Structure formats: structure tokens, C-alpha cells
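**Q** What follows is target39.cif, mmCIF, C-alpha atoms and all ligand atoms.
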```
data_work
#
loop_
_atom_site.label_atom_id
_atom_site.label_comp_id
_atom_site.auth_asym_id
_atom_site.auth_seq_id
_atom_site.Cartn_x
_atom_site.Cartn_y
_atom_site.Cartn_z
CA GLY A 1 163.31 -90.20 170.21
CA GLU A 2 167.04 -90.01 170.91
CA ARG A 3 169.37 -87.28 169.71
CA PRO A 4 173.15 -87.03 169.99
CA TYR A 5 174.61 -83.98 171.74
CA ASP A 6 177.96 -82.64 172.98
CA VAL A 7 176.59 -81.12 176.17
CA LEU A 8 173.06 -80.70 177.46
CA ILE A 9 172.58 -77.30 179.10
CA ALA A 10 169.56 -77.34 181.39
CA SER A 11 168.45 -73.73 181.63
CA ASP A 12 164.77 -74.67 181.70
CA GLY A 13 163.87 -72.87 184.90
CA VAL A 14 162.66 -73.79 188.34
CA ASN A 15 160.52 -76.71 187.14
CA SER A 16 163.36 -78.12 185.00
CA VAL A 17 162.40 -81.46 183.49
CA ILE A 18 166.08 -82.20 182.84
CA ARG A 19 166.91 -81.76 186.53
CA ASP A 20 163.89 -83.83 187.54
CA THR A 21 165.08 -86.64 185.28
CA LEU A 22 168.53 -86.46 186.89
CA VAL A 23 166.95 -86.61 190.34
CA GLN A 24 165.19 -89.82 189.32
CA GLN A 25 168.18 -91.43 187.61
CA ASP A 26 171.20 -90.35 189.67
CA PRO A 27 171.06 -91.52 193.30
CA ALA A 28 174.01 -89.26 194.20
CA PHE A 29 172.11 -86.15 193.04
CA LYS A 30 170.45 -84.60 196.08
CA PHE A 31 167.56 -82.22 195.49
CA ALA A 32 164.95 -80.51 197.64
CA SER A 33 162.34 -77.83 197.00
CA ALA A 34 159.67 -75.97 198.94
CA PRO A 35 157.02 -73.33 198.27
CA LEU A 36 157.82 -69.82 199.46
CA ASN A 37 155.69 -66.89 200.58
CA GLY A 38 152.14 -67.83 199.71
CA THR A 39 150.48 -67.49 196.35
CA GLN A 40 150.47 -64.89 193.61
CA LYS A 41 148.74 -63.48 190.54
CA ILE A 42 149.35 -60.53 188.21
CA LEU A 43 147.25 -57.39 187.75
CA HIS A 44 147.68 -54.56 185.26
CA LEU A 45 146.58 -51.33 186.92
CA LYS A 46 146.90 -47.57 186.76
CA MET A 47 149.54 -46.57 189.32
CA PRO A 48 148.20 -44.39 192.12
CA SER A 49 149.30 -40.77 191.73
CA SER A 50 151.24 -40.99 195.01
CA LEU A 51 153.72 -43.44 193.41
CA ASP A 52 156.56 -42.49 191.07
CA PRO A 53 155.43 -44.11 187.76
CA SER A 54 159.02 -44.82 186.70
CA ALA A 55 160.05 -46.76 189.83
CA VAL A 56 159.26 -50.14 191.40
CA HIS A 57 157.28 -50.09 194.64
CA ALA A 58 156.37 -52.61 197.32
CA MET A 59 153.16 -52.14 199.30
CA SER A 60 151.81 -54.33 202.04
CA GLY A 61 148.28 -54.51 203.37
CA SER A 62 145.84 -56.96 204.86
CA VAL A 63 142.36 -58.26 204.28
CA GLU A 64 140.06 -59.01 207.20
CA LEU A 65 138.51 -62.45 206.78
CA PRO A 66 134.99 -63.30 208.04
CA SER A 67 136.56 -65.14 211.01
CA GLY A 68 138.31 -61.91 212.02
CA ALA A 69 141.71 -63.30 210.99
CA LYS A 70 143.91 -61.08 208.83
CA GLN A 71 145.19 -62.22 205.46
CA ARG A 72 148.42 -60.51 204.39
CA VAL A 73 148.47 -59.07 200.85
CA GLY A 74 151.45 -57.57 199.05
CA PHE A 75 151.51 -55.48 195.87
CA PHE A 76 154.82 -55.28 194.02
CA TRP A 77 154.57 -52.64 191.29
CA VAL A 78 156.73 -52.73 188.19
CA PRO A 79 156.23 -49.86 185.69
CA GLU A 80 154.97 -50.88 182.25
CA ARG A 81 153.24 -49.43 179.19
CA ASN A 82 149.67 -50.32 178.34
CA ARG A 83 149.87 -52.45 175.19
CA THR A 84 146.90 -50.74 173.56
CA THR A 85 147.18 -47.11 174.61
CA GLY A 86 150.93 -46.92 175.32
CA GLY A 87 150.13 -45.07 178.55
CA ARG A 88 152.08 -45.65 181.76
CA GLN A 89 150.68 -48.17 184.21
CA GLY A 90 151.88 -50.81 186.64
CA CYS A 91 152.27 -54.55 186.36
CA VAL A 92 151.41 -55.64 189.88
CA LEU A 93 152.57 -58.89 191.40
CA VAL A 94 149.87 -59.63 193.97
CA ASN A 95 151.11 -61.95 196.69
CA TRP A 96 149.05 -63.17 199.61
CA GLY A 97 149.32 -65.42 202.63
CA GLU A 98 147.72 -68.85 202.66
CA SER A 99 144.11 -69.16 203.75
CA GLU A 100 141.45 -71.57 202.59
CA GLU A 101 138.80 -69.69 204.55
CA ASP A 102 135.66 -68.53 202.71
CA GLY A 103 136.05 -64.84 201.94
CA SER A 104 139.82 -65.18 201.42
CA LEU A 105 141.46 -64.17 198.16
CA MET A 106 142.16 -67.82 197.39
CA LYS A 107 138.49 -68.75 197.62
CA ALA A 108 137.04 -65.65 195.94
CA THR A 109 135.05 -66.34 192.78
CA ASP A 110 133.25 -63.03 192.45
CA ALA A 111 134.99 -60.07 190.78
CA GLY A 112 133.13 -57.55 192.93
CA GLN A 113 134.34 -59.28 196.08
CA VAL A 114 137.98 -59.30 194.88
CA ARG A 115 137.77 -55.64 193.89
CA ASP A 116 136.45 -54.73 197.34
CA LEU A 117 139.01 -56.90 199.17
CA LEU A 118 141.96 -55.38 197.31
CA ASN A 119 140.72 -51.79 197.49
CA GLY A 120 140.07 -52.34 201.20
CA ALA A 121 143.58 -53.71 201.74
CA PHE A 122 145.17 -50.69 200.03
CA PRO A 123 143.29 -47.46 200.81
CA ALA A 124 146.10 -45.54 199.05
CA LEU A 125 144.77 -46.90 195.74
CA ASN A 126 141.64 -44.75 196.15
CA GLY A 127 139.46 -47.57 194.85
CA GLU A 128 141.37 -47.93 191.57
CA VAL A 129 141.22 -51.73 191.43
CA THR A 130 138.49 -52.00 188.79
CA LEU A 131 135.95 -54.75 188.25
CA GLU A 132 137.76 -55.64 185.02
CA ALA A 133 141.09 -56.01 186.85
CA ALA A 134 139.41 -58.10 189.53
CA GLN A 135 137.98 -60.37 186.82
CA GLN A 136 141.52 -60.77 185.33
CA PHE A 137 142.60 -61.78 188.82
CA ILE A 138 139.90 -64.45 189.16
CA ASP A 139 140.56 -65.84 185.68
CA GLN A 140 144.22 -66.61 186.48
CA THR A 141 145.54 -69.78 188.03
CA PRO A 142 147.64 -68.72 191.03
CA SER A 143 151.33 -69.49 190.91
CA MET A 144 153.66 -70.27 193.77
CA ASN A 145 157.26 -69.21 194.23
CA THR A 146 159.58 -72.10 194.87
CA VAL A 147 163.01 -72.42 196.43
CA THR A 148 165.28 -75.30 195.49
CA LYS A 149 168.60 -76.78 196.46
CA CYS A 150 170.76 -79.19 194.42
CA SER A 151 173.91 -80.92 195.66
CA THR A 152 175.60 -80.60 192.27
CA TYR A 153 174.99 -78.65 189.08
CA HIS A 154 176.27 -81.24 186.63
CA ASN A 155 176.14 -84.88 185.66
CA ALA A 156 179.44 -86.06 184.22
CA GLU A 157 178.18 -89.25 182.60
CA GLY A 158 175.34 -87.56 180.73
CA ARG A 159 177.39 -84.37 180.14
CA ILE A 160 174.56 -82.31 181.59
CA VAL A 161 174.96 -78.95 183.27
CA LEU A 162 172.28 -77.01 185.16
CA LEU A 163 172.19 -73.21 184.92
CA GLY A 164 169.98 -70.58 186.53
CA ASP A 165 166.77 -71.52 188.29
CA ALA A 166 167.11 -75.12 187.11
CA ALA A 167 170.09 -75.30 189.48
CA HIS A 168 169.13 -72.83 192.22
CA SER A 169 165.86 -71.01 192.62
CA SER A 170 165.46 -68.50 195.42
CA GLY A 171 161.85 -67.75 194.47
CA GLY A 172 162.45 -64.05 193.88
CA ALA A 173 163.11 -63.52 197.59
CA SER A 174 166.34 -61.57 197.22
CA GLY A 175 165.86 -60.24 193.67
CA GLN A 176 169.11 -61.92 192.58
CA GLY A 177 167.89 -64.87 190.50
CA CYS A 178 168.55 -63.23 187.11
CA ASN A 179 172.00 -62.10 188.23
CA ALA A 180 172.82 -65.59 189.45
CA ALA A 181 171.61 -67.15 186.18
CA LEU A 182 173.72 -64.73 184.12
CA GLN A 183 176.74 -65.36 186.36
CA ASP A 184 176.32 -69.10 185.77
CA ALA A 185 176.51 -68.53 182.01
CA GLN A 186 179.53 -66.23 182.40
CA VAL A 187 181.36 -68.65 184.70
CA LEU A 188 180.69 -71.64 182.42
CA ASP A 189 181.99 -69.65 179.47
CA GLY A 190 185.11 -68.68 181.46
CA ILE A 191 185.76 -72.28 182.53
CA LEU A 192 185.37 -73.58 178.97
CA GLY A 193 188.02 -71.04 177.95
CA GLU A 194 190.32 -72.12 180.80
CA VAL A 195 190.17 -75.82 179.95
CA GLY A 196 190.28 -75.38 176.18
CA GLY A 197 186.72 -76.61 175.68
CA ASP A 198 187.29 -79.93 177.48
CA LEU A 199 183.76 -80.65 178.71
CA ASP A 200 184.82 -83.52 180.97
CA ALA A 201 187.06 -81.11 182.86
CA ALA A 202 184.70 -78.13 182.66
CA LEU A 203 181.52 -79.56 184.17
CA PRO A 204 182.95 -80.67 187.56
CA LEU A 205 184.76 -77.32 187.80
CA PHE A 206 181.47 -75.56 187.18
CA SER A 207 179.81 -77.36 190.09
CA GLU A 208 182.84 -76.76 192.28
CA ARG A 209 182.62 -73.00 191.69
CA ARG A 210 178.87 -72.47 191.46
CA VAL A 211 177.32 -74.79 194.06
CA PRO A 212 178.75 -72.73 196.97
CA GLU A 213 177.34 -69.60 195.29
CA GLY A 214 173.91 -71.15 194.76
CA HIS A 215 173.76 -72.39 198.34
CA ALA A 216 174.90 -69.01 199.69
CA LEU A 217 172.25 -67.27 197.57
CA LEU A 218 169.58 -69.57 198.99
CA ASP A 219 170.62 -68.74 202.56
CA LEU A 220 170.85 -65.04 201.78
CA SER A 221 167.34 -65.21 200.34
CA ILE A 222 165.48 -67.18 202.99
CA ASN A 223 167.58 -66.63 206.11
CA GLN A 224 168.39 -62.98 205.74
CA GLY A 225 165.81 -62.05 208.36
CA PRO A 226 164.61 -64.02 211.39
CA LYS A 227 161.08 -65.45 211.67
CA GLY A 228 160.89 -65.38 215.47
CA PRO A 229 158.96 -62.31 216.73
CA VAL A 230 161.55 -61.15 219.28
CA LEU A 231 164.49 -61.63 216.95
CA ARG A 232 162.57 -59.77 214.24
CA LEU A 233 162.40 -56.69 216.42
CA LEU A 234 166.10 -56.95 217.25
CA PHE A 235 166.84 -57.44 213.57
CA LEU A 236 164.96 -54.25 212.66
CA GLY A 237 167.07 -52.39 215.21
CA LEU A 238 170.24 -53.95 213.85
CA SER A 239 169.32 -53.01 210.27
CA ALA A 240 168.77 -49.40 211.33
CA PHE A 241 172.13 -49.45 213.14
CA GLU A 242 173.89 -50.93 210.09
CA THR A 243 172.30 -48.38 207.75
CA LEU A 244 173.26 -45.42 209.91
CA GLY A 245 176.61 -46.88 210.96
CA HIS A 246 177.57 -47.53 207.36
CA ARG A 247 176.60 -44.01 206.36
CA LEU A 248 178.77 -42.52 209.13
CA PHE A 249 181.64 -45.05 209.08
CA PRO A 250 181.54 -46.76 205.67
CA LYS A 251 184.85 -48.55 206.20
CA ALA A 252 184.04 -49.88 209.67
CA VAL A 253 180.36 -50.90 209.42
CA LEU A 254 178.86 -53.06 206.68
CA PRO A 255 175.40 -52.07 205.39
CA PRO A 256 172.43 -54.48 205.74
CA THR A 257 172.77 -57.73 203.80
CA GLN A 258 170.18 -56.80 201.16
CA ASN A 259 172.19 -53.64 200.38
CA LEU A 260 175.29 -55.77 199.83
CA LEU A 261 173.27 -57.96 197.45
CA THR A 262 171.88 -55.09 195.43
CA GLN A 263 174.69 -52.54 195.63
CA THR A 264 177.88 -54.59 195.31
CA ASP A 265 179.10 -57.17 192.82
CA TRP A 266 180.51 -59.38 195.57
CA ASP A 267 180.00 -63.10 195.19
CA PHE A 268 177.11 -64.49 197.25
CA SER A 269 179.54 -66.66 199.21
CA VAL A 270 181.63 -63.58 200.06
CA ILE A 271 178.54 -61.69 201.28
CA TYR A 272 177.53 -64.69 203.37
CA GLY A 273 181.06 -64.94 204.72
CA ARG A 274 181.14 -61.26 205.75
CA LYS A 275 177.85 -61.69 207.63
CA ARG A 276 178.40 -65.27 208.68
CA ARG A 277 177.92 -64.91 212.43
CA LEU A 278 174.62 -63.09 212.06
CA LEU A 279 173.31 -65.27 209.23
CA ASP A 280 174.30 -68.55 210.91
CA PHE A 281 172.45 -67.39 214.02
CA VAL A 282 169.32 -66.42 212.04
CA LYS A 283 169.46 -69.68 210.09
CA LYS A 284 169.60 -71.74 213.26
CA SER A 285 166.69 -69.82 214.75
CA ASN A 286 164.64 -70.04 211.52
CA ARG A 287 164.91 -73.83 211.52
CA LYS A 288 162.54 -73.84 214.48
CA TYR A 289 159.98 -72.01 212.34
CA GLY A 290 160.16 -74.57 209.53
CA VAL A 291 162.19 -72.46 207.10
CA PHE A 292 163.48 -74.55 204.19
CA THR A 293 166.79 -76.23 204.93
CA GLY A 294 167.16 -78.28 201.76
CA TYR A 295 167.97 -81.96 201.83
CA ASP A 296 170.15 -81.85 204.96
C1 LIG A 301 157.90 -63.42 191.90
C2 LIG A 301 159.32 -63.41 191.44
C3 LIG A 301 160.05 -62.22 191.47
C4 LIG A 301 161.37 -62.20 191.05
N1 LIG A 301 162.06 -61.03 191.09
C5 LIG A 301 163.34 -61.01 190.69
C6 LIG A 301 164.07 -59.80 190.69
O1 LIG A 301 163.57 -58.75 191.07
N2 LIG A 301 165.37 -59.84 190.27
C7 LIG A 301 165.96 -61.00 189.84
O2 LIG A 301 167.14 -60.99 189.46
N3 LIG A 301 165.28 -62.15 189.82
C8 LIG A 301 163.99 -62.19 190.23
N4 LIG A 301 163.30 -63.36 190.20
C9 LIG A 301 163.98 -64.59 189.81
C10 LIG A 301 164.16 -64.67 188.31
O3 LIG A 301 162.92 -64.51 187.65
C11 LIG A 301 164.75 -66.03 187.96
O4 LIG A 301 165.81 -66.33 188.83
C12 LIG A 301 165.27 -66.04 186.54
O5 LIG A 301 164.20 -65.79 185.64
C13 LIG A 301 165.91 -67.39 186.23
O6 LIG A 301 166.27 -67.42 184.89
P1 LIG A 301 166.35 -68.80 184.13
O7 LIG A 301 166.73 -68.46 182.74
O8 LIG A 301 167.18 -69.74 184.89
O9 LIG A 301 164.88 -69.40 184.19
P2 LIG A 301 163.54 -68.85 183.52
O10 LIG A 301 163.54 -67.37 183.45
O11 LIG A 301 162.42 -69.53 184.24
O12 LIG A 301 163.63 -69.39 182.04
C14 LIG A 301 163.47 -70.75 181.74
C15 LIG A 301 162.92 -70.83 180.34
O13 LIG A 301 162.91 -72.19 179.93
C16 LIG A 301 161.70 -72.44 179.26
N5 LIG A 301 161.41 -73.87 179.36
C17 LIG A 301 161.07 -74.58 180.45
N6 LIG A 301 160.88 -75.87 180.14
C18 LIG A 301 161.12 -75.99 178.82
C19 LIG A 301 161.10 -77.08 177.92
N7 LIG A 301 160.80 -78.32 178.32
N8 LIG A 301 161.39 -76.83 176.63
C20 LIG A 301 161.71 -75.58 176.22
N9 LIG A 301 161.75 -74.51 177.03
C21 LIG A 301 161.46 -74.71 178.31
C22 LIG A 301 160.67 -71.58 179.99
O14 LIG A 301 159.54 -71.35 179.19
C23 LIG A 301 161.48 -70.32 180.25
O15 LIG A 301 161.39 -69.42 179.18
C24 LIG A 301 161.97 -63.40 190.60
C25 LIG A 301 161.25 -64.59 190.57
C26 LIG A 301 159.93 -64.60 191.00
C27 LIG A 301 159.16 -65.90 190.96
#
```
When written as C-alpha cells, how does the structure in this file appear?

**A**
Amino acid sequence: GERPYDVLIASDGVNSVIRDTLVQQDPAFKFASAPLNGTQKILHLKMPSSLDPSAVHAMSGSVELPSGAKQRVGFFWVPERNRTTGGRQGCVLVNWGESEEDGSLMKATDAGQVRDLLNGAFPALNGEVTLEAAQQFIDQTPSMNTVTKCSTYHNAEGRIVLLGDAAHSSGGASGQGCNAALQDAQVLDGILGEVGGDLDAALPLFSERRVPEGHALLDLSINQGPKGPVLRLLFLGLSAFETLGHRLFPKAVLPPTQNLLTQTDWDFSVIYGRKRRLLDFVKKSNRKYGVFTGYD
């Protein structure tokens, strides 16, 4: 049925139905999306004793497939409490590269096989992926991270405004999605104050201020590092130089981009601007490797 409203705030996440309706109904609204970084599931596991149980950790490993090909697997550990015992453990985001080959994680249907694949990929776990955890893994439907790009974050006629992942999803790649969503809410609130609650004035201003931030965040998330093998090596060297250079000469040398994202409260567009030459270069190179470019 129909309901009257003053303003419709679409904060319904990356698969926003409100945004999808706008895409269908507003020909001027440009939108594009793409999957990012393979597939993932969640495990709840005891953290290995070598890891600090109060910190987050990223581990990468690989599984050897029957064909001899390697399948990349990542474990991202977030500390949590066991809901029954209250003991410390880890919530693990398991992320792996695409492969439809038999024997791959995607095709596995046997808990014993999954347990052995994951324990084999991460010897540091000392075999602590249990049969029960492997069964949890099999029982889940895998989810995919998605990146999106919208040309505007509002629709004036329908008085609709998109916030957070509904407007700009970077698929968790830079760890800034929550910040960006909260900033959207803060900026909208500020604008409403500036224009005395006039929604017709506020919504275009919101897009004007936030679209450049959302687009910069997307680039900072997917074009921070190059995909080409040679450039990747150079990039590693550059990151080491930036880290050391910044430590020695903090005023003269900027730290790596990810440090600026996590350790400053600079706007995403400002961070992009400070690293523009490098990021534009990486972005151009990444196009050749099929990295998402949006609708343009
Ligand atoms: C793997 C991964 C790792 C990430 N890591 C980080 C990180 O380290 N740091 C960080 O800042 N960000 C991270 N992010 C991104 C972050 O999770 C999102 O950017 C953030 O949650 C976006 O907030 P949101 O409120 O816009 O959307 P969501 O958190 O998705 O919230 C949308 C809400 O709307 C609800 N909803 C949807 N449709 C409807 C409907 N029709 N009716 C009613 N309710 C509806 C959903 O149930 C959901 O509760 C990560 C994302 C992923 C995928």
C-alpha cells in the first residue's frame, strides 16, 4: 500500500531495495556494482595461542587443489565471547578465491574435507579447526562482498536520500564503510540545520557534499594497490619507504594511504587528493586488470 512521508531515508544497506527502485525509475540515476574479493563464510573458533586474543588479526594461506592450482584463503579474526561459556574466542571471516574445481572450498560438501583443507592452509592453527566448525562452514550459504557506485545520493522528486552502503559500498576493502555511513548521517544532520529543515534544499546539498566522498572512498578501497605483478613489487617498496620516511620526517613524507584512512580524520577526498598522482596511476593500471570502474 501507499504511505505518506516527509523524507524517505534509504539506509537499507548494499542491497538497498529503495536504491534499486530508483535505478529502475529514474533514468538520470547512474548505478553500477561488482563483486569483490571472492566468497566468504563465518567460523567461530578458539584463537590460536600465538595470537593476542584481544586484537584483530589477518592471516593468509592457500589450499592446494587436485589440479595442483592454489586457492587463496584468508582468515580475518575478530575477538568475541562464546555465547554459552563466555570464554574468549574468535569470529573468523573466511574469505577465499574463486574456484569451481572439485576439491575447492566452494565445492566441498564433506566436513572432514573442509576441516583438513583449512587446517592445511593454516599450520599455525595446530589443527584447531574442528569437525563441528567445518560443519558450520558447510551449512552456510556463502556471501559475496560488493562494491557499488551511484551518480547521486538523492532523488528530489521522491524526497529520497541514500545513506551508508545503500549509497556507496566498498565491500569492507578499506575498513571505512561504517565511518562513511556515520559521516553521511552527521553531514545530513548538519545540512538540515544549515537550511532550517528545508528538505528541498537539503537533499541536493547532501549529494553535492557526499558523492565526491563516496567516489573517493571507492577509489581508495579498490585502487589503493596495483594488480599488475611488477607494479605490486614497486608498490611494496614504496609503502616501506613511506612508512620509514614518515617515521623519520613526519612533516615531509606522508604515510601509506591505508594509514591515512585509519589514523586520520581527513575526508576521503582530501586523502585521495594528497595521493592523487600515485592513485591515478594505479587506477589507470588497474583498469587493464578489470578492476571495477563504475558506470563510466
Ligand atoms: C566483510 C566485510 C568487512 C567489513 N569490515 C569493515 C570494517 O572493518 N570497518 C568498517 O568501517 N566497515 C567495514 N565493513 C563495511 C560495513 O559493514 C558497512 O559499510 C556498514 O555496515 C554500512 O552500514 P549501513 O548502515 O549503511 O548498512 P548495513 O550495516 O548493511 O545496515 C542496513 C540495515 O538495513 C536492514 N534492511 C535492509 N533491507 C531492509 C528492508 N527492506 N526493510 C528493513 N530493513 C532492511 C538490514 O537488515 C541492515 O540491518 C565491512 C563490510 C564487509 C562486507

**Q** Just the number, please: distance in Å from atom CA of A:Val230 to atom CA of A:Val282, one decimal.

**A**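 Straight-line distance from atom CA of A:Val230 to atom CA of A:Val282 works out to 11.9 Å.
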
**Q** Provide the atom N5 of ligand LIG 301 (chain A) to atom CA of A:Leu163 distance in Å, to one decimal place.

**A**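 Computing it gives 12.1 Å between the two atoms.
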
**Q** What are the closest atom pairs, with distances in Å to one decimal, for each residue of chain A lying within 8 Å of ligand LIG 301 (chain A), using only C-alpha atoms and all ligand atoms, rows by chain and rising residue number, as a tab-separated table?

**A**
```
residue	atom	partner	partner_atom	distance
A:Ser11	CA	A:LIG301	O8	5.3
A:Asp12	CA	A:LIG301	O13	3.6
A:Gly13	CA	A:LIG301	O9	3.7
A:Val14	CA	A:LIG301	O11	5.9
A:Asn15	CA	A:LIG301	C17	7.0
A:Ser16	CA	A:LIG301	N6	5.9
A:Val17	CA	A:LIG301	N7	6.3
A:Ile18	CA	A:LIG301	N7	8.0
A:Gln40	CA	A:LIG301	C1	7.8
A:Leu93	CA	A:LIG301	C1	7.0
A:Met144	CA	A:LIG301	C27	7.6
A:Asn145	CA	A:LIG301	C27	5.0
A:Thr146	CA	A:LIG301	C27	7.3
A:Leu163	CA	A:LIG301	O8	6.1
A:Gly164	CA	A:LIG301	O8	3.4
A:Asp165	CA	A:LIG301	O8	3.9
A:Ala166	CA	A:LIG301	O8	5.8
A:Ala167	CA	A:LIG301	O8	7.8
A:Ser169	CA	A:LIG301	O4	6.0
A:Ser170	CA	A:LIG301	O4	6.9
A:Gly171	CA	A:LIG301	C27	4.8
A:Gly172	CA	A:LIG301	C24	3.4
A:Ala173	CA	A:LIG301	C4	6.9
A:Ser174	CA	A:LIG301	C6	7.1
A:Gly175	CA	A:LIG301	N2	3.5
A:Gln176	CA	A:LIG301	O2	3.8
A:Gly177	CA	A:LIG301	O4	3.0
A:Cys178	CA	A:LIG301	O2	3.5
A:Asn179	CA	A:LIG301	O2	5.1
A:Ala180	CA	A:LIG301	O4	7.1
A:Ala181	CA	A:LIG301	O8	5.3
A:Leu182	CA	A:LIG301	O6	8.0
```

**Q** For atom CA of A:Ala55 and atom CA of A:Gly90, quote the distance in Å rounded to one decimal.

**A**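 About the pair atom CA of A:Ala55 and atom CA of A:Gly90: they are 9.7 Å apart.
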
**Q** Pick out the residues sitting within 10 Å of stretch 187-204 of chain A, and hand them over as an MDAnalysis selection string; count only C-alpha atoms, and ignore anything fewer than 6 positions along from it in its own chain.

**A** chainID A and resid 6:7 152:157 159:163 181 210

**Q** What's the 12 Å shell around A:Arg232, counting only C-alpha atoms, without same-chain residues fewer than 5 positions away, as a list of chain:residue names?

**A**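 Residues meeting the cut-off are A:Asn223, A:Gln224, A:Gly225, A:Pro226, A:Lys227, A:Gly237, A:Leu238, A:Ser239, A:Val282, A:Ser285, A:Asn286.
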
**Q** For each of A:Ser221, A:Asn95, A:Gln89, A:Gln258, take the minimum atom-to-atom distance to A:Gly74, counting all atoms listed in the file, then give the residue where this is smallest.

**A**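 Ranking A:Ser221, A:Asn95, A:Gln89, A:Gln258 by distance to A:Gly74, first place goes to A:Asn95.
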
**Q** Residues at most 7 Å from stretch 106-122 of chain A, counting only C-alpha atoms, excluding those fewer than 6 positions away in the same chain, as number ranges by chain?

**A** A: 61-63, 99-100, 129-131, 134-135, 138

**Q** Between A:Thr148, A:Thr262, A:Thr293, A:Ser143, which has the minimum distance to A:Ser33 (counting all atoms listed in the file)?

**A**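 Going through A:Thr148, A:Thr262, A:Thr293, A:Ser143 one by one, the smallest distance to A:Ser33 is for A:Thr148.
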
**Q** Extending 6 Å beyond the listed atoms of stretch 89-92 of chain A on each side, what axis-aligned box results? I want centre and edge lengths in Å to one decimal, as JSON.

**A**
```
{"center_x": 151.5, "center_y": -51.9, "center_z": 187.0, "size_x": 13.6, "size_y": 19.5, "size_z": 17.7}
```

**Q** Using all atoms listed in the file, find the one residue out of A:Ala133, A:Val211, A:Cys91, A:Leu236 that sits nearest to A:Phe268.

**A**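 Among the listed residues, A:Val211 lies closest to A:Phe268.
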
**Q** Which residues come within 12 Å of stretch 77-85 of chain A, counting only C-alpha atoms, excluding same-chain residues fewer than 2 positions away, as a PyMOL selection string?

**A** chain A and resi 42-48+51-60+74-75+87-95

**Q** Deliver the residues from the most recent selection as a file, using C-alpha atoms, as a tab-separated table (two decimals), in the coordinates of the input.

**A**
```
chain	number	residue	atom	x	y	z
A	42	ILE	CA	149.35	-60.53	188.21
A	43	LEU	CA	147.25	-57.39	187.75
A	44	HIS	CA	147.68	-54.56	185.26
A	45	LEU	CA	146.58	-51.33	186.92
A	46	LYS	CA	146.90	-47.57	186.76
A	47	MET	CA	149.54	-46.57	189.32
A	48	PRO	CA	148.20	-44.39	192.12
A	51	LEU	CA	153.72	-43.44	193.41
A	52	ASP	CA	156.56	-42.49	191.07
A	53	PRO	CA	155.43	-44.11	187.76
A	54	SER	CA	159.02	-44.82	186.70
A	55	ALA	CA	160.05	-46.76	189.83
A	56	VAL	CA	159.26	-50.14	191.40
A	57	HIS	CA	157.28	-50.09	194.64
A	58	ALA	CA	156.37	-52.61	197.32
A	59	MET	CA	153.16	-52.14	199.30
A	60	SER	CA	151.81	-54.33	202.04
A	74	GLY	CA	151.45	-57.57	199.05
A	75	PHE	CA	151.51	-55.48	195.87
A	87	GLY	CA	150.13	-45.07	178.55
A	88	ARG	CA	152.08	-45.65	181.76
A	89	GLN	CA	150.68	-48.17	184.21
A	90	GLY	CA	151.88	-50.81	186.64
A	91	CYS	CA	152.27	-54.55	186.36
A	92	VAL	CA	151.41	-55.64	189.88
A	93	LEU	CA	152.57	-58.89	191.40
A	94	VAL	CA	149.87	-59.63	193.97
A	95	ASN	CA	151.11	-61.95	196.69
```

**Q** From the options A:Leu220, A:Leu8, A:Ala28, A:Leu248, which residue's atoms come nearest to A:Tyr272, counting all atoms listed in the file?

**A**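 Of A:Leu220, A:Leu8, A:Ala28, A:Leu248, the one nearest A:Tyr272, counting all atoms listed in the file, is A:Leu220.
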
**Q** When you look at A:Leu260 with a cut-off of 12 Å (counting all atoms listed in the file), what residues show up, excluding the ones that are within fewer than 3 positions of it in the same chain? I need them as a list in words.

**A**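 The filter keeps Ser174, Gln176, Leu220, Gln224, Glu242, Thr243, His246, Val253, Leu254, Pro255, Pro256, Thr257, Gln263, Thr264, Asp265, Trp266, Asp267, Phe268, Ser269, Val270, Ile271, Tyr272, Gly273, Arg274 and Lys275 of chain A.
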
**Q** From the list A:Thr39, A:Leu65, A:Phe31, A:Ser104, which residue is nearest A:Thr141 when using only C-alpha atoms?

**A** A:Thr39

**Q** Given the choices A:Glu128, A:Pro142, A:Leu205, A:Ile222, which gets closest to A:Tyr289 if the distance is worked out from all atoms listed in the file?

**A**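 Of the candidates, the smallest distance to A:Tyr289 is held by A:Ile222.
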